[in-house]
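So this block is coords02.pdb, PDB, C-alpha atoms and all ligand atoms:
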MODEL        1
ATOM      1  CA  MET U   1      43.641 -13.505 -20.160
ATOM      2  CA  TYR U   2      46.404 -15.336 -18.276
ATOM      3  CA  THR U   3      45.422 -18.586 -16.486
ATOM      4  CA  ASN U   4      47.307 -18.848 -13.220
ATOM      5  CA  LEU U   5      47.645 -22.401 -11.890
ATOM      6  CA  GLY U   6      49.833 -23.843  -9.177
ATOM      7  CA  LEU U   7      50.716 -26.437  -6.578
ATOM      8  CA  ILE U   8      51.149 -26.240  -2.809
ATOM      9  CA  GLY U   9      52.874 -28.886  -0.688
ATOM     10  CA  ASN U  10      56.084 -29.686   1.125
ATOM     11  CA  PRO U  11      58.489 -30.925  -0.119
ATOM     12  CA  LEU U  12      58.007 -30.247  -3.841
ATOM     13  CA  SER U  13      61.561 -30.565  -5.138
ATOM     14  CA  HIS U  14      60.825 -33.707  -7.220
ATOM     15  CA  THR U  15      57.352 -32.844  -8.498
ATOM     16  CA  PHE U  16      56.544 -33.497 -12.142
ATOM     17  CA  SER U  17      53.282 -31.516 -12.058
ATOM     18  CA  PRO U  18      54.538 -28.248 -13.667
ATOM     19  CA  PHE U  19      55.758 -30.249 -16.664
ATOM     20  CA  ILE U  20      52.365 -31.964 -17.035
ATOM     21  CA  HIS U  21      50.203 -28.864 -16.616
ATOM     22  CA  ASN U  22      52.333 -26.569 -18.744
ATOM     23  CA  TYR U  23      52.107 -29.238 -21.466
ATOM     24  CA  PHE U  24      48.308 -29.368 -21.042
ATOM     25  CA  LEU U  25      48.134 -25.546 -21.280
ATOM     26  CA  TYR U  26      50.168 -25.682 -24.474
ATOM     27  CA  LYS U  27      48.019 -28.484 -25.932
ATOM     28  CA  ALA U  28      44.785 -26.641 -25.061
ATOM     29  CA  GLY U  29      46.113 -23.372 -26.509
ATOM     30  CA  ILE U  30      45.606 -21.580 -23.191
ATOM     31  CA  CYS U  31      47.892 -18.729 -22.166
ATOM     32  CA  GLY U  32      48.970 -19.435 -18.596
ATOM     33  CA  GLY U  33      51.426 -21.053 -16.243
ATOM     34  CA  TYR U  34      51.743 -23.509 -13.348
ATOM     35  CA  THR U  35      53.970 -22.615 -10.419
ATOM     36  CA  CYS U  36      55.086 -24.532  -7.297
ATOM     37  CA  TYR U  37      54.764 -23.120  -3.782
ATOM     38  CA  ASP U  38      56.738 -25.180  -1.265
ATOM     39  CA  ILE U  39      55.266 -23.752   1.936
ATOM     40  CA  GLU U  40      55.327 -24.259   5.700
ATOM     41  CA  SER U  41      51.997 -24.870   7.415
ATOM     42  CA  TYR U  42      51.898 -21.389   8.980
ATOM     43  CA  GLU U  43      51.961 -19.911   5.441
ATOM     44  CA  LEU U  44      48.872 -21.772   4.230
ATOM     45  CA  GLU U  45      46.273 -19.085   4.932
ATOM     46  CA  ASP U  46      48.391 -16.280   3.448
ATOM     47  CA  ILE U  47      49.105 -18.199   0.275
ATOM     48  CA  ILE U  48      45.412 -18.945  -0.247
ATOM     49  CA  LEU U  49      44.643 -15.221   0.166
ATOM     50  CA  MET U  50      47.406 -14.513  -2.357
ATOM     51  CA  PHE U  51      45.839 -16.961  -4.844
ATOM     52  CA  GLN U  52      42.518 -15.143  -4.482
ATOM     53  CA  ARG U  53      44.046 -11.687  -4.718
ATOM     54  CA  TYR U  54      45.891 -12.533  -7.933
ATOM     55  CA  HIS U  55      42.890 -14.290  -9.492
ATOM     56  CA  PHE U  56      44.328 -17.800  -9.666
ATOM     57  CA  THR U  57      42.040 -20.247 -11.477
ATOM     58  CA  GLY U  58      43.152 -23.343  -9.612
ATOM     59  CA  VAL U  59      45.752 -24.971  -7.448
ATOM     60  CA  ASN U  60      46.723 -28.569  -6.757
ATOM     61  CA  VAL U  61      47.364 -29.630  -3.198
ATOM     62  CA  THR U  62      49.725 -32.361  -2.111
ATOM     63  CA  VAL U  63      51.194 -33.777   1.105
ATOM     64  CA  PRO U  64      50.795 -32.572   3.868
ATOM     65  CA  TYR U  65      47.957 -30.101   3.135
ATOM     66  CA  LYS U  66      45.195 -32.248   1.575
ATOM     67  CA  GLN U  67      43.076 -32.080   4.725
ATOM     68  CA  ALA U  68      44.071 -28.622   5.992
ATOM     69  CA  VAL U  69      42.890 -26.839   2.807
ATOM     70  CA  MET U  70      39.364 -28.127   3.389
ATOM     71  CA  ASN U  71      38.978 -25.382   6.037
ATOM     72  CA  TYR U  72      39.220 -22.760   3.286
ATOM     73  CA  CYS U  73      36.677 -24.333   0.919
ATOM     74  CA  ALA U  74      33.205 -22.844   0.542
ATOM     75  CA  GLU U  75      32.113 -26.171  -0.914
ATOM     76  CA  LEU U  76      33.475 -29.711  -1.313
ATOM     77  CA  ASP U  77      32.401 -31.772  -4.285
ATOM     78  CA  ILE U  78      31.284 -35.367  -3.754
ATOM     79  CA  THR U  79      34.750 -36.807  -4.501
ATOM     80  CA  ALA U  80      36.408 -34.761  -1.745
ATOM     81  CA  GLN U  81      33.540 -35.453   0.668
ATOM     82  CA  ASN U  82      33.791 -39.201   0.009
ATOM     83  CA  ILE U  83      37.395 -39.522   1.099
ATOM     84  CA  GLY U  84      37.914 -36.447   3.268
ATOM     85  CA  ALA U  85      40.798 -35.018   1.245
ATOM     86  CA  VAL U  86      41.238 -32.309  -1.409
ATOM     87  CA  ASN U  87      43.909 -32.333  -4.110
ATOM     88  CA  THR U  88      42.343 -29.658  -6.341
ATOM     89  CA  LEU U  89      41.185 -26.163  -5.398
ATOM     90  CA  HIS U  90      39.055 -24.274  -7.879
ATOM     91  CA  PHE U  91      38.733 -20.517  -7.299
ATOM     92  CA  THR U  92      35.257 -19.462  -8.431
ATOM     93  CA  ASP U  93      32.935 -16.456  -8.003
ATOM     94  CA  ASN U  94      31.125 -18.541  -5.377
ATOM     95  CA  GLY U  95      34.265 -19.193  -3.343
ATOM     96  CA  ILE U  96      36.821 -22.002  -3.311
ATOM     97  CA  ILE U  97      35.543 -25.422  -4.361
ATOM     98  CA  GLY U  98      37.527 -28.483  -3.212
ATOM     99  CA  HIS U  99      37.751 -31.604  -5.393
ATOM    100  CA  ASN U 100      39.694 -34.859  -5.315
ATOM    101  CA  THR U 101      40.943 -36.079  -8.691
ATOM    102  CA  ASP U 102      43.231 -38.789  -7.205
ATOM    103  CA  ILE U 103      40.133 -41.014  -7.309
ATOM    104  CA  PHE U 104      39.794 -40.451 -11.063
ATOM    105  CA  GLY U 105      43.565 -40.928 -11.456
ATOM    106  CA  PHE U 106      43.477 -44.273  -9.677
ATOM    107  CA  HIS U 107      40.414 -45.397 -11.633
ATOM    108  CA  MET U 108      42.101 -44.531 -14.941
ATOM    109  CA  MET U 109      45.359 -46.214 -13.886
ATOM    110  CA  LEU U 110      43.525 -49.522 -13.523
ATOM    111  CA  GLU U 111      41.291 -49.022 -16.554
ATOM    112  CA  THR U 112      44.115 -48.123 -18.950
ATOM    113  CA  SER U 113      46.134 -51.073 -17.619
ATOM    114  CA  ALA U 114      43.196 -53.481 -18.065
ATOM    115  CA  VAL U 115      43.196 -54.433 -14.388
ATOM    116  CA  ASN U 116      39.828 -54.885 -12.667
ATOM    117  CA  THR U 117      39.315 -55.741  -9.018
ATOM    118  CA  ALA U 118      35.732 -57.035  -9.365
ATOM    119  CA  ASN U 119      35.361 -60.518  -7.831
ATOM    120  CA  LYS U 120      39.093 -60.779  -7.161
ATOM    121  CA  ARG U 121      41.226 -61.245  -4.048
ATOM    122  CA  VAL U 122      42.713 -57.800  -3.469
ATOM    123  CA  LEU U 123      45.327 -56.514  -1.030
ATOM    124  CA  LEU U 124      45.903 -52.811  -0.356
ATOM    125  CA  LEU U 125      49.257 -52.013   1.257
ATOM    126  CA  GLY U 126      49.203 -48.721   3.183
ATOM    127  CA  ALA U 127      46.533 -46.583   4.827
ATOM    128  CA  GLY U 128      47.797 -43.024   4.290
ATOM    129  CA  GLY U 129      46.234 -40.237   2.234
ATOM    130  CA  ALA U 130      46.757 -41.861  -1.181
ATOM    131  CA  SER U 131      45.163 -45.153  -0.167
ATOM    132  CA  ARG U 132      41.876 -43.290   0.380
ATOM    133  CA  ALA U 133      41.613 -42.737  -3.380
ATOM    134  CA  VAL U 134      41.448 -46.526  -3.880
ATOM    135  CA  ILE U 135      38.269 -47.079  -1.869
ATOM    136  CA  PRO U 136      35.673 -45.426  -4.194
ATOM    137  CA  TYR U 137      36.974 -47.570  -7.069
ATOM    138  CA  LEU U 138      36.739 -50.767  -4.988
ATOM    139  CA  THR U 139      33.244 -49.820  -3.843
ATOM    140  CA  ILE U 140      32.148 -49.997  -7.478
ATOM    141  CA  ASN U 141      34.429 -52.854  -8.578
ATOM    142  CA  ARG U 142      33.885 -55.008  -5.481
ATOM    143  CA  PRO U 143      36.520 -57.643  -4.776
ATOM    144  CA  ASP U 144      35.500 -61.052  -3.394
ATOM    145  CA  TYR U 145      38.003 -60.594  -0.619
ATOM    146  CA  PHE U 146      39.691 -57.341   0.397
ATOM    147  CA  VAL U 147      42.519 -56.894   2.886
ATOM    148  CA  ILE U 148      44.068 -53.621   4.050
ATOM    149  CA  ALA U 149      47.540 -54.090   5.557
ATOM    150  CA  ASN U 150      49.422 -51.271   7.211
ATOM    151  CA  ARG U 151      52.383 -50.814   9.529
ATOM    152  CA  THR U 152      50.089 -48.859  11.889
ATOM    153  CA  VAL U 153      47.050 -51.082  12.103
ATOM    154  CA  GLU U 154      44.778 -48.382  13.616
ATOM    155  CA  LYS U 155      45.077 -46.360  10.409
ATOM    156  CA  ALA U 156      43.991 -49.407   8.394
ATOM    157  CA  GLN U 157      40.949 -49.694  10.661
ATOM    158  CA  ASP U 158      40.092 -46.022  10.019
ATOM    159  CA  LEU U 159      40.409 -46.552   6.292
ATOM    160  CA  SER U 160      38.163 -49.599   6.450
ATOM    161  CA  LEU U 161      35.342 -47.358   7.709
ATOM    162  CA  LEU U 162      35.225 -45.822   4.221
ATOM    163  CA  TYR U 163      34.543 -49.375   2.965
ATOM    164  CA  ASP U 164      31.640 -49.968   5.383
ATOM    165  CA  ASN U 165      34.049 -51.816   7.677
ATOM    166  CA  LYS U 166      33.992 -54.766   5.269
ATOM    167  CA  ALA U 167      37.747 -55.119   4.709
ATOM    168  CA  ASP U 168      39.983 -57.491   6.658
ATOM    169  CA  ILE U 169      42.716 -55.621   8.499
ATOM    170  CA  CYS U 170      46.213 -56.762   9.353
ATOM    171  CA  LYS U 171      49.800 -55.713   9.850
ATOM    172  CA  LEU U 172      52.270 -56.006   6.997
ATOM    173  CA  ASP U 173      54.139 -58.834   8.720
ATOM    174  CA  GLU U 174      50.964 -60.940   8.955
ATOM    175  CA  LEU U 175      50.720 -61.399   5.172
ATOM    176  CA  LYS U 176      53.193 -64.277   4.844
ATOM    177  CA  GLY U 177      51.857 -67.244   2.825
ATOM    178  CA  LEU U 178      48.684 -65.446   1.624
ATOM    179  CA  GLU U 179      47.744 -65.354  -2.059
ATOM    180  CA  PHE U 180      46.099 -62.424  -3.878
ATOM    181  CA  ASP U 181      45.066 -61.725  -7.473
ATOM    182  CA  ILE U 182      45.834 -58.003  -7.305
ATOM    183  CA  VAL U 183      48.057 -56.116  -4.849
ATOM    184  CA  ILE U 184      48.090 -52.300  -4.707
ATOM    185  CA  ASN U 185      51.041 -50.582  -3.042
ATOM    186  CA  ALA U 186      50.008 -47.240  -1.532
ATOM    187  CA  THR U 187      52.822 -47.064   1.011
ATOM    188  CA  SER U 188      55.715 -44.691   0.519
ATOM    189  CA  MET U 189      58.186 -47.528   1.051
ATOM    190  CA  GLY U 190      60.546 -47.591  -1.924
ATOM    191  CA  VAL U 191      59.821 -43.988  -2.939
ATOM    192  CA  LYS U 192      63.519 -43.116  -2.719
ATOM    193  CA  GLY U 193      64.512 -46.303  -4.557
ATOM    194  CA  GLU U 194      65.286 -48.175  -1.330
ATOM    195  CA  PRO U 195      64.506 -51.941  -1.399
ATOM    196  CA  TYR U 196      60.937 -52.991  -0.671
ATOM    197  CA  THR U 197      60.492 -55.506   2.151
ATOM    198  CA  ASP U 198      59.211 -58.876   0.887
ATOM    199  CA  TYR U 199      56.297 -59.751   3.186
ATOM    200  CA  GLY U 200      55.978 -63.260   1.721
ATOM    201  CA  PHE U 201      52.568 -63.079  -0.017
ATOM    202  CA  THR U 202      52.112 -64.136  -3.638
ATOM    203  CA  ILE U 203      50.419 -62.268  -6.507
ATOM    204  CA  LYS U 204      48.641 -64.120  -9.317
ATOM    205  CA  GLU U 205      47.517 -61.340 -11.671
ATOM    206  CA  ALA U 206      48.778 -57.775 -11.137
ATOM    207  CA  ALA U 207      51.091 -55.706  -8.932
ATOM    208  CA  VAL U 208      50.050 -52.039  -8.922
ATOM    209  CA  ASP U 209      52.306 -49.370  -7.409
ATOM    210  CA  MET U 210      51.352 -45.728  -6.827
ATOM    211  CA  ILE U 211      55.035 -44.831  -7.019
ATOM    212  CA  TYR U 212      56.112 -44.101 -10.605
ATOM    213  CA  LYS U 213      59.907 -43.817 -10.471
ATOM    214  CA  PRO U 214      61.897 -45.702 -11.582
ATOM    215  CA  LYS U 215      59.695 -47.367 -14.206
ATOM    216  CA  ILE U 216      60.106 -50.716 -12.428
ATOM    217  CA  THR U 217      59.831 -49.508  -8.850
ATOM    218  CA  SER U 218      61.324 -51.320  -5.839
ATOM    219  CA  PHE U 219      57.922 -52.923  -5.152
ATOM    220  CA  LEU U 220      57.360 -54.000  -8.780
ATOM    221  CA  SER U 221      60.884 -55.381  -9.073
ATOM    222  CA  LEU U 222      60.048 -57.996  -6.408
ATOM    223  CA  TYR U 223      57.523 -59.510  -8.851
ATOM    224  CA  SER U 224      59.190 -58.839 -12.190
ATOM    225  CA  LYS U 225      59.942 -62.533 -12.789
ATOM    226  CA  ASN U 226      56.455 -63.753 -11.846
ATOM    227  CA  ASN U 227      54.689 -63.366 -15.216
ATOM    228  CA  ILE U 228      52.084 -60.969 -13.811
ATOM    229  CA  LYS U 229      51.056 -57.470 -14.920
ATOM    230  CA  LEU U 230      53.230 -54.690 -13.438
ATOM    231  CA  VAL U 231      51.629 -51.238 -13.253
ATOM    232  CA  ASN U 232      53.468 -48.185 -11.922
ATOM    233  CA  GLY U 233      51.874 -44.917 -10.710
ATOM    234  CA  LEU U 234      52.534 -42.755 -13.778
ATOM    235  CA  PRO U 235      49.006 -43.131 -15.257
ATOM    236  CA  MET U 236      47.518 -42.137 -11.883
ATOM    237  CA  LEU U 237      49.702 -39.028 -11.753
ATOM    238  CA  ILE U 238      48.873 -37.977 -15.304
ATOM    239  CA  TYR U 239      45.137 -38.666 -15.094
ATOM    240  CA  GLN U 240      44.665 -36.907 -11.745
ATOM    241  CA  ALA U 241      46.345 -33.912 -13.397
ATOM    242  CA  ALA U 242      44.025 -34.186 -16.420
ATOM    243  CA  GLY U 243      41.058 -34.280 -14.012
ATOM    244  CA  SER U 244      42.206 -31.084 -12.271
ATOM    245  CA  PHE U 245      42.899 -29.375 -15.585
ATOM    246  CA  ASN U 246      39.388 -30.237 -16.764
ATOM    247  CA  ILE U 247      37.846 -28.718 -13.615
ATOM    248  CA  TRP U 248      39.838 -25.495 -14.023
ATOM    249  CA  THR U 249      39.606 -24.944 -17.770
ATOM    250  CA  GLY U 250      36.726 -27.103 -19.025
ATOM    251  CA  CYS U 251      39.193 -28.738 -21.466
ATOM    252  CA  ASP U 252      38.930 -32.502 -21.665
ATOM    253  CA  ILE U 253      42.527 -33.497 -22.396
ATOM    254  CA  THR U 254      43.218 -37.098 -23.367
ATOM    255  CA  PRO U 255      46.771 -37.541 -22.075
ATOM    256  CA  ASP U 256      49.304 -38.886 -24.544
ATOM    257  CA  MET U 257      50.789 -41.578 -22.273
ATOM    258  CA  GLU U 258      53.486 -42.462 -24.788
ATOM    259  CA  TYR U 259      54.731 -38.871 -24.653
ATOM    260  CA  PHE U 260      54.747 -38.797 -20.845
ATOM    261  CA  ASN U 261      56.413 -42.217 -20.614
ATOM    262  CA  LYS U 262      59.228 -40.963 -22.829
ATOM    263  CA  ALA U 263      59.522 -37.683 -20.911
ATOM    264  CA  VAL U 264      59.703 -39.337 -17.473
ATOM    265  CA  TYR U 265      61.837 -42.393 -18.289
ATOM    266  CA  LYS U 266      64.145 -40.995 -20.968
TER
HETATM  267  P1  LIG U 301      51.228 -40.869   3.558
HETATM  268  O1  LIG U 301      49.882 -40.326   3.851
HETATM  269  O2  LIG U 301      52.420 -40.291   4.219
HETATM  270  O3  LIG U 301      51.165 -42.457   3.904
HETATM  271  C1  LIG U 301      52.321 -43.254   3.806
HETATM  272  C2  LIG U 301      51.951 -44.732   3.937
HETATM  273  O4  LIG U 301      53.138 -45.502   3.781
HETATM  274  C3  LIG U 301      51.378 -45.096   5.320
HETATM  275  O5  LIG U 301      50.487 -46.155   5.175
HETATM  276  C4  LIG U 301      52.661 -45.537   6.073
HETATM  277  O6  LIG U 301      52.411 -46.417   7.139
HETATM  278  C5  LIG U 301      53.377 -46.277   4.958
HETATM  279  N1  LIG U 301      54.818 -46.355   5.174
HETATM  280  C6  LIG U 301      55.717 -45.348   5.096
HETATM  281  N2  LIG U 301      56.975 -45.815   5.318
HETATM  282  C7  LIG U 301      56.854 -47.141   5.552
HETATM  283  C8  LIG U 301      57.790 -48.170   5.846
HETATM  284  N3  LIG U 301      59.098 -47.926   5.953
HETATM  285  N4  LIG U 301      57.327 -49.427   6.015
HETATM  286  C9  LIG U 301      56.008 -49.707   5.911
HETATM  287  N5  LIG U 301      55.062 -48.760   5.621
HETATM  288  C10 LIG U 301      55.480 -47.503   5.451
HETATM  289  O7  LIG U 301      51.552 -40.811   2.006
HETATM  290  P2  LIG U 301      50.505 -40.906   0.801
HETATM  291  O8  LIG U 301      50.076 -39.553   0.404
HETATM  292  O9  LIG U 301      49.467 -41.900   1.164
HETATM  293  O10 LIG U 301      51.440 -41.459  -0.389
HETATM  294  C11 LIG U 301      51.837 -42.815  -0.428
HETATM  295  C12 LIG U 301      52.651 -43.074  -1.707
HETATM  296  O11 LIG U 301      51.819 -42.901  -2.839
HETATM  297  C13 LIG U 301      53.807 -42.089  -1.858
HETATM  298  O12 LIG U 301      54.933 -42.819  -2.306
HETATM  299  C14 LIG U 301      53.343 -41.130  -2.937
HETATM  300  O13 LIG U 301      54.418 -40.643  -3.699
HETATM  301  C15 LIG U 301      52.435 -42.037  -3.775
HETATM  302  N6  LIG U 301      51.369 -41.273  -4.480
HETATM  303  C16 LIG U 301      51.316 -41.360  -5.829
HETATM  304  C17 LIG U 301      50.324 -40.675  -6.505
HETATM  305  C18 LIG U 301      50.265 -40.762  -8.016
HETATM  306  O14 LIG U 301      49.557 -39.948  -8.617
HETATM  307  N7  LIG U 301      50.948 -41.702  -8.644
HETATM  308  C19 LIG U 301      49.376 -39.916  -5.827
HETATM  309  C20 LIG U 301      49.454 -39.863  -4.432
HETATM  310  C21 LIG U 301      50.471 -40.546  -3.764
HETATM  311  P3  LIG U 301      52.023 -45.829   8.598
HETATM  312  O15 LIG U 301      50.571 -45.481   8.515
HETATM  313  O16 LIG U 301      52.303 -46.956   9.517
HETATM  314  O17 LIG U 301      52.895 -44.641   8.838
ENDMDL
END

Re-express the file's structure as C-alpha cells.
Amino acid sequence: MYTNLGLIGNPLSHTFSPFIHNYFLYKAGICGGYTCYDIESYELEDIILMFQRYHFTGVNVTVPYKQAVMNYCAELDITAQNIGAVNTLHFTDNGIIGHNTDIFGFHMMLETSAVNTANKRVLLLGAGGASRAVIPYLTINRPDYFVIANRTVEKAQDLSLLYDNKADICKLDELKGLEFDIVINATSMGVKGEPYTDYGFTIKEAAVDMIYKPKITSFLSLYSKNNIKLVNGLPMLIYQAAGSFNIWTGCDITPDMEYFNKAVYK
C-alpha cells in the first residue's frame, strides 16, 4: 500500500517539510510520499475532496489555512481545540480528524534545549498563529511573570484569553529597559533575514526563536554576545513533523537532530 501524505498552504516555496517526511517514511520503511499543494483559498474545498478521493492518509496545514480547515473536520482533538488551529489532518474511516502538533513541537524545542519557563520572567513576542502553540506549554510550566508583546495590541489581548487573561500585554515599543529570563520570538520579523528591531529589553537566560534560518537568526544575532542560550526554531519544525507522522502512521520516530542540522545548515 502507498501512503499518500502532503502539505497545503501558501506560499510553500521554501518549505522543508517534504524533506523531513520523506526521510521519516524512509526511516520507518513505509512506501509513500509527501507532496506540496500551494493553493488559493477558493481551492481549499476541492483539494480536501481530492485528498479523500485518492485515499490520502494525512496532510499538514500551514499559513493561511490553519483555521479554515477546521470547517472540514468531523472531529478536533484536544490540542486543536485548545488553541483553535489545526496543522495536521488525519483522514480516517470516521471522517477527518484535526490535530495541532505545533504544541508538541514547541514543547520539545524547549525540552531538548534544556530551557524551562517555570517560575521565570518570560516574554512572548508576537500574537499570530504560531504564538498560540506556546500557551499550553506555559500553562503547565507557569512563569512567575508573563508578558505578551505585539505590534497589534488587540491580538495580544485575544491571545491572553487562552492564558486565563493572566498575561501582561503591551506593544513592542513599550519593552525598553525591561529584563526577562527567557524571551520567545514568535513574530515573523527577520524571517527573510532582514534585521530585527532592538526593542531595548535584556535577556538573562535564553533567547528562543521560532524562525530556523539562518542558524543564528536576525533575532538571535542581537543576543549572540550576551552569554545566554540561543535556540532557533529547527527543533520545533522537526518535532511537529514527527508528531504528525506519528498520528498518521503510528510510528514513533525519534528525530536525528544532528542529521537535520547538517541537512539544513550545510
Ligand atoms: P502570523 O500568524 O502571520 O503572525 C505574525 C506575527 O508577527 C504577528 O504577531 C505580527 O504582528 C508579527 N509581525 C509581522 N511582521 C512584523 C513586523 N515587521 N514588526 C513587528 N511584528 C511583526 O505568522 P505565524 O504563523 O504566527 O508565524 C510566525 C513566525 O513563526 C513565522 O516566522 C514562521 O515562519 C514561524 N513558525 C515556525 C514554526 C516552526 O516549526 N519552527 C512553526 C510555525 C511558525 P501583528 O499581529 O501586529 O501583525

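Atom pair atom O11 of ligand LIG 301 (chain U) / atom CA of U:Asn185 has a distance of 7.7 Å (rounded to one decimal).
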
- Grab me every residue within 9 Å of ligand LIG 301 (chain U), counting all atoms listed in the file, and send it over as a VMD selection string. chain U and resid 62 to 64 66 102 105 to 106 109 125 to 133 149 to 156 172 185 to 192 196 to 197 209 to 212 232 to 241

- Between atom CA of U:Trp248 and atom CA of U:Asn94, what is the spacing in Å? 14.1 Å

- Message: Taking all atoms listed in the file into account, name the residue in U:Asn82, U:Pro195, U:Asp256, U:Thr249 that is nearest to U:Gly32.
- Response: U:Thr249

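Between atom CA of U:Ile216 and atom CA of U:Val264 there is a distance of 12.5 Å.
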
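Here the PyMOL selection byres (((chain U and resi 30) around 9) and not hetatm) matches the residues Met1, Tyr2, Thr3, Phe24, Leu25, Tyr26, Lys27, Ala28, Gly29, Cys31, Gly32 and Thr249 of chain U.
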
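The residue that comes closest to U:Asp38, out of U:Ala242, U:Ile20, U:Met50, U:Leu12 and on the basis of all atoms listed in the file, is U:Leu12.
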
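Ranking U:Asp93, U:Glu111, U:Asp173, U:Glu194 by their shortest atom-to-atom distance to U:His55, with only C-alpha atoms included, puts U:Asp93 first.
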
- Query: Selected by the PyMOL selection byres (((chain U and resi 34) around 10) and not hetatm) in the shown coordinates: which residues, as JSON, numbers by chain?
  - Reply: {"U": [3, 4, 5, 6, 7, 17, 18, 19, 20, 21, 22, 23, 25, 32, 33, 35, 36, 58, 59, 60]}

Any chance you could build stretch 219-234 of chain U out to N, CA and C atoms and write it as a compact mmCIF listing (two decimals), keeping the file's coordinate frame?
# COMPACT_ATOMS: atom_id res chain seq x y z
N PHE U 219 59.01 -51.97 -5.40
CA PHE U 219 57.92 -52.92 -5.15
C PHE U 219 57.71 -53.82 -6.38
N LEU U 220 57.62 -53.21 -7.56
CA LEU U 220 57.36 -54.00 -8.78
C LEU U 220 58.51 -54.96 -9.07
N SER U 221 59.72 -54.54 -8.74
CA SER U 221 60.88 -55.38 -9.07
C SER U 221 60.85 -56.71 -8.30
N LEU U 222 60.17 -56.73 -7.16
CA LEU U 222 60.05 -58.00 -6.41
C LEU U 222 59.29 -59.06 -7.21
N TYR U 223 58.42 -58.59 -8.14
CA TYR U 223 57.52 -59.51 -8.85
C TYR U 223 57.82 -59.56 -10.35
N SER U 224 58.94 -58.99 -10.76
CA SER U 224 59.19 -58.84 -12.19
C SER U 224 59.44 -60.18 -12.90
N LYS U 225 59.71 -61.23 -12.15
CA LYS U 225 59.94 -62.53 -12.79
C LYS U 225 58.72 -63.44 -12.67
N ASN U 226 57.60 -62.90 -12.18
CA ASN U 226 56.46 -63.75 -11.85
C ASN U 226 55.40 -63.89 -12.94
N ASN U 227 55.64 -63.30 -14.11
CA ASN U 227 54.69 -63.37 -15.22
C ASN U 227 53.31 -62.81 -14.82
N ILE U 228 53.33 -61.67 -14.14
CA ILE U 228 52.08 -60.97 -13.81
C ILE U 228 52.19 -59.56 -14.39
N LYS U 229 51.06 -58.86 -14.43
CA LYS U 229 51.06 -57.47 -14.92
C LYS U 229 51.71 -56.56 -13.88
N LEU U 230 52.59 -55.66 -14.34
CA LEU U 230 53.23 -54.69 -13.44
C LEU U 230 52.77 -53.29 -13.85
N VAL U 231 52.17 -52.57 -12.93
CA VAL U 231 51.63 -51.24 -13.25
C VAL U 231 52.24 -50.23 -12.29
N ASN U 232 52.94 -49.22 -12.82
CA ASN U 232 53.47 -48.18 -11.92
C ASN U 232 52.50 -46.99 -11.87
N GLY U 233 52.82 -45.99 -11.01
CA GLY U 233 51.87 -44.92 -10.71
C GLY U 233 51.83 -43.77 -11.71
N LEU U 234 52.55 -43.89 -12.85
CA LEU U 234 52.53 -42.76 -13.78
C LEU U 234 51.13 -42.45 -14.32
